[in-house]
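Asker: Once you've had a glance at the structure underneath, I'll fire off some questions.
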Amino acid sequence: MDQFLENLNDAQREAVIFGEGPLLVLAGAGSGKTRVLTHRVAHIVARGDAEPFEITAVTFTNKAAREMRERAETLVRDGRGLGGAFLGTFHRWALEVLRRWPEAAGLPRRFSILDPDDQRALMTRLLKEERIDTKDHPPRAVLGRISGHVNRMEGVERLEARSGDNRAQITARLWNRYTKEKKALGAVDFDDMLAQTLDVLRREEVVRKAVMRRARYLLVDEFQDTNKLQMKMLLTVLAGGGNITAVGDEDQSIYRWRGAEMDNILGFEKHFAGAHIVSLERNYRSTQPILEASGALIAQNIRRHGKTLFTEQDGGEPVRLFVADDERHEARWTVDRISELESEHGLGEMAVLMRTNAQTRPFEEELMRRRIAYRVVGGLRFWQRAEVKDALAYLRQVVRPDDEVAFRRVVNVPARGIGAATIDVLKKHAAGAKALLPVAARDLPESLMPRARVALGRYFELLDEAQSQREILDPADFVGWLLETTGLLGLYDGDEEEKVVRRENLRQLASAVAEASAQGQTLEDFLDGVALFEDSDEETSPDVVRLMTLHGAKGMEFDVVFVAGMEDGLLPHANSREEEEGVEEERRLAYVGMTRARRWLGLTAARRRFLFGQSQNTQLSRFLLDISADQFEDVSDQPWQMAPSDEPEEFGTVVASRGRHQQRSAGSADSAPPIPSRRSTGRKIGAVVTDGSGVGWRPGDRVRHRRFGTGVVLSCRGRGPQLQLVVYFDRGGRKTLVPTIAKLEKL
DNA sequence: GCTTGCGGTATTTTT
DNA sequence: TACCGCAAGC
């Protein structure tokens, strides 16, 4: 009766045909998660269980939303179609509510959206006004803290209550100011979109009912990445008896830093009584060796349901490990492999994944040198480029004349002689008039310097003319006109590479507007899409090597994958090493990277890396110890074997070590020195060395470890965060530990 | 009001 | 290293 069930395995089918009630699909990497989602949507429609408009499917990324829409539409092409169903990101879902009922949220009709740049600019301004040193409280850090509280649904009061805590007090003060300011500006940031929507859903029955009607079947992708706020939104909407289908994989939860709560997926049955759970464990993506190595890695995590992926295809290339001398060597080796593998797989089927954006550079240089086409995915985004943002600000100013954020950004771009002093005068005037800056500025107050007054007058004439041109011209021509007339394009006259690129970017923006309008979007729709990062089409030139972060790679797959920078400090990242939870998340990140590979997987590291402005010795990632030596092939010039089972029972405990230095150290008392660096090996025995948190250590110190009990320090290696101690425990024998990570206590 | 250059500093991931 | 903010000079 329905053709959607034919190409599914038993578990997939079970999930697809499941009827009403809560359903959790634990979908391992490459197990056909999107397939299940799309087929389930198609099945529901085909069986007539619900009308398309009663289906809401939310994803975490635009990419996923796009893919789901395309694939689901293909499936139901012959049927009634999917029109009316909502398939989009959480933020899009929320934005549509706020756009439709702005007054319910106390927002103006054309409220604007603050992107991270706008937020930072605003926070910087507030810090100045509050006379708080941006060095002690960097705007980004303050915003990060606020965002954390919002996503965990903690109110300001809670922060204010921490009376002894100075930082909390300052954060609370700024948070209040920030909230007020956004309200005055008629603007929302990303978090507000969700928070205010939840608010409206709870308060306004009309809105809630309307949203519920459209979510009789509510499907949630990447459920492991939902945070408390999102969970509350789901619960609120489901209170009307909707049916939730959550699809996710706790092993791929990589957004803890953004508030993702693994408890949402790990404790699904607690939130949804009587939930039915289906596990998808058959992997269709990767070869046996890739699955085994990644499976061994992730098995070390404690917080998981625990599934074991299997595949029915056997054989395949072994996973390669290459330890390079430095990051350039790492890039060279990687690109060598890329050229070898190109004929078999094609450039478009290869990707180099890394922890941080900054790591792309040596790879870019090497690829460029070898004239191999590549593309950095998600790096500096097109929409974040200054010239594009300026152009967008003009568009925002046209769409919403009282958009103060946009006004501040472009009133003096190109330079018109309206600088900080003028803005100060205008601010005073606006405060008196109780109006937003761009509105008050229209008065051209007497208090302005004559020159500024004239300049400002011209600016508003320009805007007024833009308004009328907008009526006359089609959107693409209008943008062209605007770029020309504002002088934005003129800023980049000349033959310099950079200027040519910028002009090209502006032209691209114009064509993006054209495209959007061809699809029936208004300028307002277009700007919303931009604000939500709904990048039109990233994939215009498919046959190129992709360079991207591990986060950016989620949901993708390639024949050939390199995970670069397998070093402690990078993966796991130094900022996440301190707590167990952080390390587990980093391990998941490594796991996500490895499981992107279908046929060929390479793991690379560098012994020395240029970081923080200088070349530093590195340590092999502890995650390589999670994978047993026979699960990969070390193809380094000088192989670095892993320590034999010095048992990694507790992470953060055993340090990646050995290799070619093993012979030398084998007989010595303090066996197994961690990858020695030239600098640290010279350290005198007996000297006090400080660890990452400033505690001093020396051989002979008595220590306590929460597992191994008491012991004595035999020797120290490295210093600072790199400091490793060899400790002889009364029970448990000799261990190599990083004191800050192992939470070693000095007695 | 704008531009330049200096020095200090912070380096994760993104809807 | 690379960026940013700030101060001094135009």
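Residue numbers start at 1 in each chain; chains themselves are named A, B, ... in the order of the structure tokens; ligands are numbered from 1 in the order shown.
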Show me, as an MDAnalysis selection string, every residue of chain A with an atom at most 10 Å from chain C, counting only C-alpha atoms (C1' of nucleotides).

Answerer: chainID A and resid 134 610:614

Asker: Could you tell me which residues of chain A sit within 10 Å of chain B when counting only C-alpha atoms (C1' of nucleotides), and give me the result as a PyMOL selection string?

Answerer: chain A and resi 60-62+89-92+116+135+190-191+254-258+355-358+378+415-422+531-534+549-552+570+573-576+589+611-613

Asker: Among range 206-337 of chain A, which ones does DSSP assign to helix (DSSP H, G or I) (computed from the backbone)? Answer as a ChimeraX atom specification.

Answerer: /A:206-213,223-225,228-238,250-252,256-258,263-266,268-271,288-298,327-337

Asker: Can you pull out every residue from range 362-588 of chain A that DSSP, working from the backbone, puts in strand (DSSP E), and format the result as a list in words?

Answerer: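 Answer for range 362-588 of chain A, restricted to strand (DSSP E): Tyr374, Arg375, Val376, Val545, Arg546, Leu547, Met548, Thr549, Phe558, Asp559, Val560, Val561, Phe562, Val563, Glu567 and Asp568 of chain A.
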
Asker: Please provide the set of residues having any atom within 7 Å of Ala168 in chain A, restricted to only C-alpha atoms (C1' of nucleotides), with same-chain residues fewer than 6 positions apart removed, written as a PyMOL selection string.

Answerer: chain A and resi 159-160+162

Asker: Fewer than 6 positions away in the same chain doesn't count, so skip those; otherwise give me all residues within 10 Å of Arg385 in chain A, counting only C-alpha atoms (C1' of nucleotides), as a list of chain:residue names.

Answerer: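 Surrounding residues, per the criterion: A:Arg502, A:Asn505, A:Leu506.
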
Asker: Would you mind exporting N, CA, C and O atoms of the selected residues as a PDB file, in the first residue's frame?

Answerer:
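Saved file result.pdb follows:
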```pdb
ATOM      1  N   ARG A 502      35.809  42.638  -3.410  1.00  0.00           N
ATOM      2  CA  ARG A 502      34.694  43.284  -2.712  1.00  0.00           C
ATOM      3  C   ARG A 502      33.595  43.726  -3.670  1.00  0.00           C
ATOM      4  O   ARG A 502      32.412  43.588  -3.374  1.00  0.00           O
ATOM      5  N   ASN A 505      31.704  40.740  -4.523  1.00  0.00           N
ATOM      6  CA  ASN A 505      30.794  40.346  -3.448  1.00  0.00           C
ATOM      7  C   ASN A 505      29.507  41.154  -3.477  1.00  0.00           C
ATOM      8  O   ASN A 505      28.420  40.617  -3.290  1.00  0.00           O
ATOM      9  N   LEU A 506      29.663  42.442  -3.722  1.00  0.00           N
ATOM     10  CA  LEU A 506      28.477  43.294  -3.771  1.00  0.00           C
ATOM     11  C   LEU A 506      27.593  42.902  -4.950  1.00  0.00           C
ATOM     12  O   LEU A 506      26.372  42.877  -4.842  1.00  0.00           O
TER      13      LEU A 506
END
```

Asker: Report as a PyMOL selection string all protein, DNA and RNA residues lying within 12 Å of Gly274 in chain A, evaluated on only C-alpha atoms (C1' of nucleotides), omitting residues in the same chain fewer than 2 positions from it.

Answerer: chain A and resi 20-24+268-272+276-277
